[in-house]
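For reference, coords27.txt is printed below; it contains compact mmCIF, C-alpha atoms.
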```txt
# COMPACT_ATOMS: atom_id res chain seq x y z
CA MET A 17 -81.39 -41.26 -59.22
CA LYS A 18 -81.53 -42.12 -62.89
CA LYS A 19 -81.25 -38.48 -63.76
CA PHE A 20 -78.35 -38.15 -61.40
CA ILE A 21 -76.50 -40.97 -63.12
CA ILE A 22 -77.23 -39.52 -66.54
CA ALA A 23 -76.03 -36.10 -65.40
CA ALA A 24 -72.87 -37.59 -63.94
CA MET A 25 -72.21 -39.52 -67.13
CA ALA A 26 -72.77 -36.45 -69.27
CA MET A 27 -70.13 -34.68 -67.22
CA LEU A 28 -67.66 -37.52 -67.64
CA ILE A 29 -68.20 -37.51 -71.38
CA ALA A 30 -67.95 -33.74 -71.53
CA ALA A 31 -64.84 -33.54 -69.37
CA PRO A 32 -62.35 -34.23 -72.18
CA MET A 33 -63.55 -31.01 -73.85
CA VAL A 34 -61.55 -29.10 -71.28
CA SER A 35 -58.31 -30.72 -72.28
CA LEU A 36 -56.11 -29.10 -74.90
CA ALA A 37 -57.27 -29.75 -78.41
CA SER A 38 -57.36 -27.77 -81.60
CA PRO A 39 -60.03 -25.08 -81.96
CA GLU A 40 -61.47 -27.00 -84.92
CA SER A 41 -61.94 -30.16 -82.89
CA ASP A 42 -63.39 -28.15 -79.96
CA LEU A 43 -65.96 -26.70 -82.32
CA LYS A 44 -66.85 -30.06 -83.83
CA LYS A 45 -67.26 -31.59 -80.38
CA LEU A 46 -69.47 -28.79 -79.12
CA GLN A 47 -71.64 -28.95 -82.21
CA ALA A 48 -71.97 -32.74 -81.93
CA HIS A 49 -72.84 -32.42 -78.23
CA MET A 50 -75.67 -29.97 -79.00
CA PHE A 51 -76.95 -31.86 -82.05
CA LYS A 52 -77.31 -34.89 -79.81
CA LYS A 53 -79.08 -32.92 -77.09
CA PHE A 54 -81.44 -31.18 -79.50
CA PRO A 55 -82.03 -33.46 -82.46
CA GLY A 56 -83.39 -31.76 -85.55
CA VAL A 57 -82.23 -28.23 -84.70
CA PRO A 58 -80.07 -27.10 -87.65
CA LEU A 59 -76.81 -25.26 -86.96
CA ASN A 60 -77.93 -21.80 -88.07
CA GLU A 61 -81.02 -22.02 -85.88
CA TYR A 62 -78.80 -21.83 -82.77
CA GLY A 63 -78.35 -18.15 -83.59
CA ASN A 64 -81.84 -17.67 -82.16
CA GLY A 65 -80.63 -18.59 -78.70
CA VAL A 66 -83.06 -20.16 -76.30
CA TYR A 67 -85.88 -19.76 -78.84
CA ALA A 68 -84.23 -22.43 -80.98
CA ILE A 69 -85.15 -24.94 -78.28
CA ASP A 70 -88.21 -23.36 -76.62
CA LYS A 71 -91.30 -23.59 -78.82
CA ASP A 72 -93.61 -21.96 -76.27
CA ARG A 73 -91.64 -18.81 -75.84
CA ARG A 74 -90.76 -18.62 -79.50
CA VAL A 75 -94.24 -17.32 -80.32
CA GLU A 76 -93.83 -14.50 -77.85
CA TRP A 77 -90.40 -13.72 -79.28
CA GLU A 78 -91.60 -13.68 -82.87
CA ALA A 79 -94.22 -11.15 -81.80
CA MET A 80 -91.45 -8.94 -80.35
CA GLU A 81 -89.56 -9.16 -83.64
CA GLU A 82 -92.64 -7.86 -85.52
CA PHE A 83 -92.02 -4.43 -84.01
CA PRO A 84 -88.29 -4.59 -83.41
CA PRO A 85 -87.49 -2.51 -80.32
CA TYR A 86 -83.88 -2.13 -81.49
CA GLU A 87 -84.68 -0.25 -84.70
CA PRO A 88 -84.42 3.26 -83.23
CA ALA A 89 -81.07 2.28 -81.71
CA VAL A 90 -79.73 1.08 -85.08
CA ASP A 91 -80.78 4.42 -86.64
CA ILE A 92 -79.09 6.37 -83.87
CA GLY A 93 -76.03 4.12 -84.28
CA LYS A 94 -75.83 4.86 -87.98
CA LYS A 95 -75.93 8.63 -87.38
CA LEU A 96 -73.18 8.40 -84.78
CA PHE A 97 -71.14 6.08 -87.02
CA ASN A 98 -71.16 8.82 -89.66
CA LYS A 99 -70.72 11.70 -87.23
CA TYR A 100 -67.58 10.19 -85.68
CA LYS A 101 -66.19 9.03 -89.05
CA VAL A 102 -65.85 5.45 -87.87
CA ALA A 103 -65.61 4.15 -91.46
CA LYS A 104 -62.00 5.27 -91.83
CA CYS A 105 -60.72 2.97 -89.08
CA PHE A 106 -62.10 -0.32 -90.42
CA PRO A 107 -61.73 -2.63 -93.41
CA ASN A 108 -64.53 -2.21 -95.97
CA LYS A 109 -65.40 1.12 -94.32
CA GLY A 110 -66.83 -0.76 -91.35
CA ILE A 111 -69.72 -2.28 -93.31
CA GLY A 112 -70.48 -6.02 -93.18
CA ILE A 113 -67.42 -7.03 -91.15
CA LYS A 114 -68.77 -8.16 -87.78
CA GLN A 115 -68.49 -11.85 -88.73
CA ASN A 116 -64.67 -11.57 -88.73
CA TYR A 117 -64.43 -10.39 -85.10
CA PRO A 118 -62.78 -11.01 -82.69
CA MET A 119 -59.78 -10.91 -84.99
CA PHE A 120 -56.15 -11.79 -84.30
CA LYS A 121 -53.91 -9.08 -85.73
CA GLY A 122 -50.47 -7.75 -84.84
CA GLY A 123 -50.02 -10.19 -81.97
CA LYS A 124 -53.30 -9.27 -80.30
CA VAL A 125 -56.96 -10.21 -80.35
CA HIS A 126 -59.16 -7.31 -81.43
CA THR A 127 -62.87 -7.25 -80.67
CA LEU A 128 -65.07 -5.06 -82.85
CA GLU A 129 -65.96 -2.98 -79.81
CA GLY A 130 -62.31 -2.65 -78.75
CA ASP A 131 -61.36 -1.35 -82.19
CA LEU A 132 -64.38 0.94 -82.21
CA MET A 133 -63.31 2.57 -78.95
CA ALA A 134 -59.75 2.96 -80.25
CA CYS A 135 -61.17 4.50 -83.43
CA LEU A 136 -63.26 7.06 -81.55
CA LYS A 137 -60.19 8.11 -79.60
CA LYS A 138 -58.02 8.23 -82.70
CA ASN A 139 -60.60 10.47 -84.35
CA GLY A 140 -60.39 12.87 -81.44
CA VAL A 141 -63.84 12.17 -80.04
CA ASP A 142 -64.12 13.22 -76.40
CA THR A 143 -65.59 9.90 -75.26
CA LYS A 144 -66.13 11.13 -71.69
CA LYS A 145 -68.04 14.21 -72.73
CA GLU A 146 -70.00 12.29 -75.36
CA LYS A 147 -70.79 9.58 -72.78
CA LEU A 148 -69.44 6.80 -74.96
CA LYS A 149 -68.75 3.83 -72.74
CA TYR A 150 -68.09 0.17 -73.49
CA GLY A 151 -71.09 -2.08 -73.15
CA LYS A 152 -74.18 0.07 -73.57
CA GLY A 153 -75.92 3.25 -74.68
CA LYS A 154 -74.66 5.24 -77.66
CA PHE A 155 -71.48 3.19 -77.94
CA ALA A 156 -73.43 -0.08 -78.17
CA ALA A 157 -75.71 1.59 -80.74
CA ILE A 158 -72.76 2.20 -83.09
CA ALA A 159 -71.66 -1.42 -82.63
CA ALA A 160 -75.27 -2.54 -83.20
CA TYR A 161 -75.40 -0.62 -86.48
CA MET A 162 -72.13 -2.22 -87.61
CA ALA A 163 -73.44 -5.68 -86.70
CA TYR A 164 -76.73 -4.92 -88.45
CA THR A 165 -74.88 -4.27 -91.72
CA SER A 166 -73.32 -7.73 -91.32
CA ARG A 167 -76.61 -9.64 -91.05
CA GLY A 168 -76.62 -12.90 -92.95
CA LYS A 169 -72.84 -13.26 -93.04
CA LYS A 170 -71.58 -16.38 -91.30
CA THR A 171 -69.42 -16.02 -88.21
CA ASN A 172 -65.89 -16.65 -89.40
CA VAL A 173 -63.44 -16.22 -86.54
CA LYS A 174 -59.92 -17.44 -87.24
CA VAL A 175 -57.51 -18.82 -84.68
CA PRO A 176 -54.06 -19.22 -86.23
CA ALA A 177 -51.49 -21.44 -84.51
CA GLY A 178 -49.21 -19.75 -81.97
CA ALA A 179 -50.06 -16.67 -79.91
CA ALA A 180 -53.69 -16.61 -81.08
CA THR A 181 -54.24 -20.17 -79.92
CA LYS A 182 -52.85 -19.21 -76.52
CA ILE A 183 -55.44 -16.47 -76.12
CA TYR A 184 -58.14 -18.80 -77.41
CA ASN A 185 -57.15 -21.34 -74.74
CA GLN A 186 -57.21 -18.63 -72.08
CA GLY A 187 -60.82 -17.91 -73.07
CA LYS A 188 -61.67 -21.57 -73.13
CA ARG A 189 -60.30 -22.05 -69.62
CA PHE A 190 -62.35 -19.09 -68.43
CA PHE A 191 -65.44 -20.64 -69.97
CA TYR A 192 -64.97 -24.01 -68.30
CA ALA A 193 -63.73 -22.83 -64.89
CA LYS A 194 -66.02 -22.78 -61.87
CA ARG A 195 -66.29 -19.36 -60.31
CA GLY A 196 -68.18 -17.20 -57.87
CA GLN A 197 -69.63 -18.02 -54.50
CA LEU A 198 -72.24 -20.18 -56.26
CA ASN A 199 -69.49 -22.14 -58.03
CA PHE A 200 -70.70 -22.27 -61.64
CA SER A 201 -68.77 -22.29 -64.89
CA CYS A 202 -70.25 -20.84 -68.08
CA ALA A 203 -70.21 -24.41 -69.38
CA ASP A 204 -72.26 -25.65 -66.41
CA CYS A 205 -75.18 -23.60 -67.64
CA HIS A 206 -74.63 -23.35 -71.39
CA VAL A 207 -72.89 -26.64 -72.31
CA TYR A 208 -73.99 -29.26 -69.77
CA ASN A 209 -77.44 -27.88 -68.95
CA PRO A 210 -78.99 -25.98 -71.87
CA GLY A 211 -82.71 -26.71 -72.04
CA VAL A 212 -82.85 -27.08 -68.26
CA MET A 213 -85.16 -24.77 -66.33
CA LEU A 214 -83.90 -22.63 -63.47
CA ARG A 215 -87.33 -21.81 -62.03
CA THR A 216 -88.95 -20.23 -65.10
CA MET A 217 -85.77 -19.48 -67.10
CA LYS A 218 -84.65 -21.91 -69.75
CA LEU A 219 -80.89 -22.08 -70.32
CA SER A 220 -79.67 -21.48 -73.88
CA PRO A 221 -76.92 -23.50 -75.61
CA ALA A 222 -73.44 -21.94 -75.91
CA LEU A 223 -73.57 -22.62 -79.63
CA GLY A 224 -74.82 -19.50 -81.43
CA GLN A 225 -74.82 -17.30 -78.34
CA THR A 226 -72.81 -14.49 -79.91
CA SER A 227 -74.50 -14.02 -83.30
CA HIS A 228 -77.15 -11.53 -82.20
CA PHE A 229 -75.01 -9.16 -80.13
CA PRO A 230 -75.35 -6.31 -79.34
CA VAL A 231 -78.74 -7.38 -78.06
CA TYR A 232 -81.82 -5.50 -76.96
CA ARG A 233 -83.11 -6.80 -73.64
CA LYS A 234 -86.38 -6.04 -71.93
CA LYS A 235 -84.58 -6.40 -68.63
CA TRP A 236 -82.06 -3.66 -69.44
CA GLN A 237 -84.64 -1.37 -71.00
CA GLY A 238 -85.86 -0.12 -67.66
CA GLY A 239 -82.40 0.97 -66.58
CA GLY A 240 -83.00 4.71 -67.09
CA GLY A 241 -81.68 7.10 -69.73
CA ASN A 242 -82.93 7.19 -73.29
CA PRO A 243 -85.36 4.25 -73.48
CA GLU A 244 -84.46 3.73 -77.14
CA LEU A 245 -80.88 2.98 -76.14
CA SER A 246 -81.01 1.68 -72.57
CA GLY A 247 -82.09 -1.84 -73.57
CA LEU A 248 -78.99 -2.32 -75.69
CA GLY A 249 -75.91 -4.18 -74.51
CA THR A 250 -72.79 -5.82 -75.93
CA VAL A 251 -71.79 -9.42 -75.34
CA GLN A 252 -69.34 -8.32 -72.64
CA ARG A 253 -72.15 -6.56 -70.80
CA ARG A 254 -73.92 -9.92 -70.80
CA TYR A 255 -70.78 -11.68 -69.49
CA GLY A 256 -70.88 -9.28 -66.56
CA GLY A 257 -74.52 -10.19 -65.91
CA CYS A 258 -73.82 -13.92 -65.97
CA ASN A 259 -70.82 -13.42 -63.68
CA LYS A 260 -72.96 -11.48 -61.22
CA MET A 261 -75.59 -14.21 -61.29
CA VAL A 262 -73.08 -16.62 -59.74
CA ARG A 263 -71.83 -13.92 -57.34
CA ALA A 264 -68.53 -13.46 -59.15
CA LYS A 265 -67.15 -10.00 -59.87
CA PRO A 266 -67.88 -8.74 -63.38
CA LEU A 267 -64.64 -7.71 -65.09
CA LYS A 268 -64.51 -4.00 -65.89
CA PRO A 269 -62.53 -2.28 -68.67
CA LYS A 270 -59.24 -0.80 -67.50
CA ASP A 271 -57.39 2.21 -68.95
CA GLY A 272 -59.91 2.41 -71.77
CA LYS A 273 -59.35 -1.22 -72.76
CA GLN A 274 -61.65 -4.20 -72.33
CA HIS A 275 -60.53 -6.69 -69.70
CA PRO A 276 -58.13 -9.20 -71.32
CA ASP A 277 -60.00 -12.16 -69.79
CA TYR A 278 -63.25 -11.04 -71.40
CA VAL A 279 -61.46 -10.42 -74.71
CA ALA A 280 -60.11 -13.99 -74.58
CA LEU A 281 -63.54 -15.29 -73.55
CA GLU A 282 -65.20 -13.46 -76.44
CA TYR A 283 -62.61 -14.92 -78.81
CA PHE A 284 -63.28 -18.51 -77.72
CA HIS A 285 -67.03 -18.01 -77.30
CA THR A 286 -67.48 -16.43 -80.76
CA TYR A 287 -65.31 -19.07 -82.41
CA MET A 288 -67.86 -21.59 -81.09
CA SER A 289 -70.47 -19.82 -83.25
CA ASN A 290 -68.48 -20.16 -86.47
CA GLY A 291 -70.74 -20.97 -89.40
CA ILE A 292 -73.77 -19.33 -87.79
CA ALA A 293 -75.09 -16.20 -89.52
CA ILE A 294 -74.91 -12.81 -87.82
CA ASN A 295 -78.47 -11.78 -86.89
CA ALA A 296 -77.76 -8.81 -84.67
CA PRO A 297 -79.25 -7.00 -82.98
CA GLY A 298 -81.46 -9.62 -81.38
CA VAL A 299 -84.26 -9.25 -78.84
CA ARG A 300 -84.23 -11.11 -75.55
CA GLN A 301 -86.02 -11.10 -72.22
CA MET B 270 -101.66 -20.04 -50.60
CA ARG B 271 -103.55 -22.82 -48.82
CA LYS B 272 -101.31 -25.66 -49.86
CA PRO B 273 -97.99 -24.20 -48.73
CA ALA B 274 -99.50 -23.28 -45.37
CA LYS B 275 -100.62 -26.85 -44.92
CA LEU B 276 -97.23 -28.10 -45.95
CA ILE B 277 -95.53 -25.85 -43.46
CA LEU B 278 -97.82 -27.16 -40.78
CA ALA B 279 -97.11 -30.73 -41.74
CA ALA B 280 -93.42 -30.01 -41.96
CA SER B 281 -93.27 -28.36 -38.59
CA ALA B 282 -95.30 -31.15 -37.05
CA VAL B 283 -92.74 -33.63 -38.30
CA ALA B 284 -89.97 -31.41 -37.06
CA MET B 285 -91.56 -31.27 -33.65
CA VAL B 286 -91.88 -35.02 -33.50
CA LEU B 287 -88.34 -35.49 -34.67
CA GLY B 288 -87.12 -32.78 -32.38
CA THR B 289 -88.72 -34.25 -29.30
CA MET B 290 -88.50 -37.96 -29.95
CA LEU B 291 -85.57 -38.82 -32.13
CA THR B 292 -82.89 -36.34 -31.26
CA PRO B 293 -82.00 -34.94 -27.93
CA VAL B 294 -83.59 -31.52 -27.58
CA SER B 295 -80.99 -28.80 -27.72
CA ALA B 296 -81.29 -25.05 -27.58
CA GLY B 297 -80.68 -24.72 -31.32
CA ALA B 298 -82.98 -27.55 -32.52
CA ALA B 299 -83.40 -27.55 -36.28
CA ASP B 300 -86.51 -25.76 -37.50
CA ALA B 301 -88.07 -27.28 -40.64
CA GLU B 302 -90.50 -24.40 -41.11
CA ASN B 303 -87.63 -21.94 -41.22
CA GLY B 304 -85.77 -24.39 -43.48
CA LYS B 305 -88.57 -24.25 -46.01
CA LYS B 306 -88.49 -20.45 -45.96
CA LEU B 307 -84.74 -20.43 -46.54
CA ALA B 308 -85.01 -23.04 -49.28
CA GLU B 309 -87.50 -20.93 -51.21
CA ASP B 310 -85.75 -17.59 -50.66
CA ARG B 311 -83.90 -16.63 -53.87
CA LYS B 312 -81.17 -14.94 -51.86
CA LYS B 313 -80.65 -17.94 -49.57
CA GLY B 314 -81.06 -21.59 -50.63
CA ASN B 315 -83.09 -20.96 -53.77
CA CYS B 316 -83.49 -24.74 -53.96
CA THR B 317 -86.75 -24.26 -55.87
CA SER B 318 -84.83 -22.93 -58.86
CA CYS B 319 -83.50 -26.45 -59.45
CA HIS B 320 -85.64 -28.96 -57.52
CA ALA B 321 -89.30 -29.89 -57.70
CA TYR B 322 -91.01 -31.07 -54.52
CA LYS B 323 -94.56 -31.29 -53.24
CA GLY B 324 -96.11 -27.82 -53.23
CA ALA B 325 -93.19 -26.14 -55.01
CA ASN B 326 -94.12 -22.94 -56.84
CA MET B 327 -92.76 -23.04 -60.46
CA PRO B 328 -89.74 -25.18 -59.68
CA GLY B 329 -86.84 -25.69 -62.08
CA ASN B 330 -85.60 -29.11 -63.17
CA ALA B 331 -81.80 -28.94 -62.97
CA GLY B 332 -81.70 -31.33 -60.01
CA PRO B 333 -83.68 -34.46 -59.15
CA PRO B 334 -87.12 -34.01 -57.55
CA LEU B 335 -86.96 -34.08 -53.78
CA VAL B 336 -89.24 -36.98 -52.88
CA ALA B 337 -89.26 -39.79 -50.32
CA MET B 338 -86.26 -38.19 -48.71
CA LYS B 339 -86.57 -39.92 -45.38
CA ALA B 340 -86.64 -43.33 -47.02
CA ARG B 341 -83.72 -42.48 -49.27
CA TYR B 342 -81.69 -40.69 -46.64
CA PRO B 343 -82.41 -42.49 -43.36
CA ASP B 344 -79.29 -40.78 -42.04
CA LYS B 345 -80.07 -37.07 -41.92
CA LYS B 346 -76.36 -36.32 -41.67
CA LYS B 347 -75.85 -37.58 -45.22
CA LEU B 348 -78.58 -35.29 -46.45
CA ARG B 349 -77.00 -32.39 -44.64
CA ALA B 350 -73.63 -33.23 -46.15
CA GLN B 351 -75.07 -33.20 -49.68
CA ILE B 352 -76.41 -29.68 -49.11
CA ALA B 353 -73.27 -28.43 -47.39
CA ASP B 354 -70.95 -29.71 -50.14
CA PRO B 355 -72.34 -31.52 -53.18
CA THR B 356 -68.88 -31.41 -54.79
CA LYS B 357 -67.82 -34.22 -52.44
CA ALA B 358 -70.11 -36.68 -54.23
CA ASN B 359 -69.72 -35.07 -57.65
CA PRO B 360 -66.74 -32.74 -58.14
CA ASN B 361 -68.39 -31.14 -61.16
CA SER B 362 -71.78 -30.77 -59.45
CA PHE B 363 -74.20 -28.19 -60.80
CA MET B 364 -75.42 -27.65 -57.24
CA PRO B 365 -73.81 -24.82 -55.24
CA PRO B 366 -71.74 -25.86 -52.18
CA PHE B 367 -73.88 -24.04 -49.65
CA GLY B 368 -71.71 -24.76 -46.62
CA LYS B 369 -68.26 -24.93 -48.17
CA HIS B 370 -68.70 -21.53 -49.86
CA ASN B 371 -70.50 -19.95 -46.90
CA ILE B 372 -73.63 -19.29 -48.90
CA LEU B 373 -75.63 -20.42 -45.88
CA SER B 374 -74.77 -20.67 -42.20
CA GLY B 375 -74.50 -24.01 -40.41
CA LYS B 376 -77.78 -23.39 -38.65
CA ASP B 377 -79.49 -22.51 -41.97
CA ILE B 378 -78.29 -25.81 -43.44
CA ASP B 379 -79.51 -27.71 -40.37
CA ASP B 380 -82.95 -26.16 -40.82
CA ILE B 381 -83.05 -26.87 -44.56
CA ALA B 382 -81.94 -30.49 -44.07
CA GLU B 383 -84.66 -30.82 -41.44
CA TRP B 384 -87.23 -29.59 -43.96
CA VAL B 385 -85.92 -31.70 -46.86
CA HIS B 386 -86.21 -34.75 -44.62
CA THR B 387 -89.97 -34.15 -44.43
CA LEU B 388 -90.40 -34.34 -48.21
```

Target format structure tokens, applied to this file:
Amino acid sequence: MKKFIIAAMAMLIAAPMVSLASPESDLKKLQAHMFKKFPGVPLNEYGNGVYAIDKDRRVEWEAMEEFPPYEPAVDIGKKLFNKYKVAKCFPNKGIGIKQNYPMFKGGKVHTLEGDLMACLKKNGVDTKKEKLKYGKGKFAAIAAYMAYTSRGKKTNVKVPAGAATKIYNQGKRFFYAKRGQLNFSCADCHVYNPGVMLRTMKLSPALGQTSHFPVYRKKWQGGGGNPELSGLGTVQRRYGGCNKMVRAKPLKPKDGKQHPDYVALEYFHTYMSNGIAINAPGVRQ
Amino acid sequence: MRKPAKLILAASAVAMVLGTMLTPVSAGAADAENGKKLAEDRKKGNCTSCHAYKGANMPGNAGPPLVAMKARYPDKKKLRAQIADPTKANPNSFMPPFGKHNILSGKDIDDIAEWVHTL
């Protein structure tokens, strides 16, 4: 009963976060919420996901990082990056820029992966024939290489007033809205209940969730295809997984473009990791 | 494996007593043993992912432990209502609305409530 009351109170306190506020104040509130929940965990540490708050599993994870399973994928990504001449489509030749994405430009929000796909097409790459698809495989490997070159740079997403803020708010609404047959919002799991166990899974905090994407997951590894690449996935692939978990439909790219709701979600979600260093690719269960 | 079997036995014994003594026997009398199965099935109730209870195998801790349920919910209907739609008591509940969203059938919820009442 006590726990029930505490949970109910936490929700009351958290509820105002859904109301319209500036991105800066949203970020401050989310950070304060987590700092209170997990005293002593410094901001940058949240980039390590659930391992920032799970000492037991951290040992296991550090062992995985000793022989990083994503290294072959980063090498493959670098080769493809050069082969498809990706450098010419991006600022600073595509090196060390991940921290600035998603980026508002020309009235639209651009994700790194969205611009990468546009670049491949612009450069005349036959993406169908080359099996370059959003979310995983060779495509995710190129994105992983680009993120890898950005390691150590702090997430620095900007949300200017006006149209950008509108898209940010669209993403924020998506994040806080209940969905699926099981009726969960992203926030239910990653804002109100991080640290809680669902059977044997510990929920990670929303803060810092984007810094290590694309990620290499043991769970995806077994999915067939080249084992060096199959474990790799972008943050939007993960959104699809979390949507499926609550029996909601994952949102698929349409006409070669990422779904606008996921683009908005990635914009909001990544903004919440501002100040946290890129440490991609990461390794997760 | 021993413990759960015992629990099922105990649970079904209670269900039998309840079924025969407290409520009028109907064709579709609630079945606590089946309720336990549904509650532990990941594709059905999956209650174990959030609630601890006696004999639970690696339970989660998102919800309160299910203990002394009969004392706390003398009226089984209230227990059933909480499972069917927890958003009534708490609009922002972390617990899925098993009845309202048709995750489980009415009979499934009857059986689960019957089982929870034995805890």

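Here atom CA of A:Ala180 is placed at a distance of 28.7 Å from atom CA of B:Asn361.
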
Practice task
Rounded to one decimal place, report the atom CA of B:His320-atom CA of A:Arg215 distance in Å.
Solution key: 8.6 Å

Problem - Nearest residue to B:Ala331 from the set B:Asp344, B:Ser318, B:Asn371, B:Lys376 (distances using all atoms listed in the file) - result: B:Ser318

Exercise for the section: Within 7 Å of chain B, which residues of chain A are there when counting all atoms listed in the file? Please give them as an MDAnalysis selection string. Expected result: chainID A and resid 19:20 197:200 204 212:216

List every protein, DNA or RNA residue that has at least one atom no more than 9 Å from (-69.5, -25.7, -90.4) in the file's coordinates, counting all atoms listed in the file, and write the result as a CSV table (one decimal) with C-alpha atoms, in the coordinates of the input.
```
chain,number,residue,atom,x,y,z
A,43,LEU,CA,-66.0,-26.7,-82.3
A,44,LYS,CA,-66.8,-30.1,-83.8
A,59,LEU,CA,-76.8,-25.3,-87.0
A,290,ASN,CA,-68.5,-20.2,-86.5
A,291,GLY,CA,-70.7,-21.0,-89.4
A,292,ILE,CA,-73.8,-19.3,-87.8
```

Practice task
Quick one: everything within 10 Å of A:Tyr255, counting only C-alpha atoms, minus sequence neighbours fewer than 5 positions away in the same chain. Send it as a list in words.
Solution key: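 The residues satisfying every condition are Cys202, Thr250, Lys260, Met261, Pro266, Leu267, Tyr278, Leu281 and Glu282 of chain A.
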
Handout entry: Interatomic distance (Å, one decimal) between atom CA of A:Thr165 and atom CA of A:Arg73
Key = 27.3 Å

Practice task
Point out the residue among A:Tyr184, A:Val299, A:Gly65, A:Ala293 with the least atom-to-atom distance to A:Asp42, counting all atoms listed in the file.
Solution key: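 Residue with the minimum atom-to-atom distance to A:Asp42: A:Tyr184.
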
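Candidate residues B:Gly375, B:Ile381, B:Leu388, B:Pro343 were compared for distance to B:Asp300, and the nearest is B:Ile381, using only C-alpha atoms.
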
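The environment of A:Cys105 within 6 Å, counting only C-alpha atoms and disregarding residues fewer than 2 places along the same chain, consists of Val102, Ala103 and Cys135 of chain A.
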
Atoms to include: C-alpha atoms. Write the selected residues as an mmCIF file, keeping the file's coordinate frame.
```
data_model
loop_
_atom_site.group_PDB
_atom_site.id
_atom_site.type_symbol
_atom_site.label_atom_id
_atom_site.label_comp_id
_atom_site.auth_asym_id
_atom_site.auth_seq_id
_atom_site.Cartn_x
_atom_site.Cartn_y
_atom_site.Cartn_z
ATOM 1 C CA VAL A 102 -65.850 5.450 -87.870
ATOM 2 C CA ALA A 103 -65.610 4.150 -91.460
ATOM 3 C CA CYS A 135 -61.170 4.500 -83.430
#
```
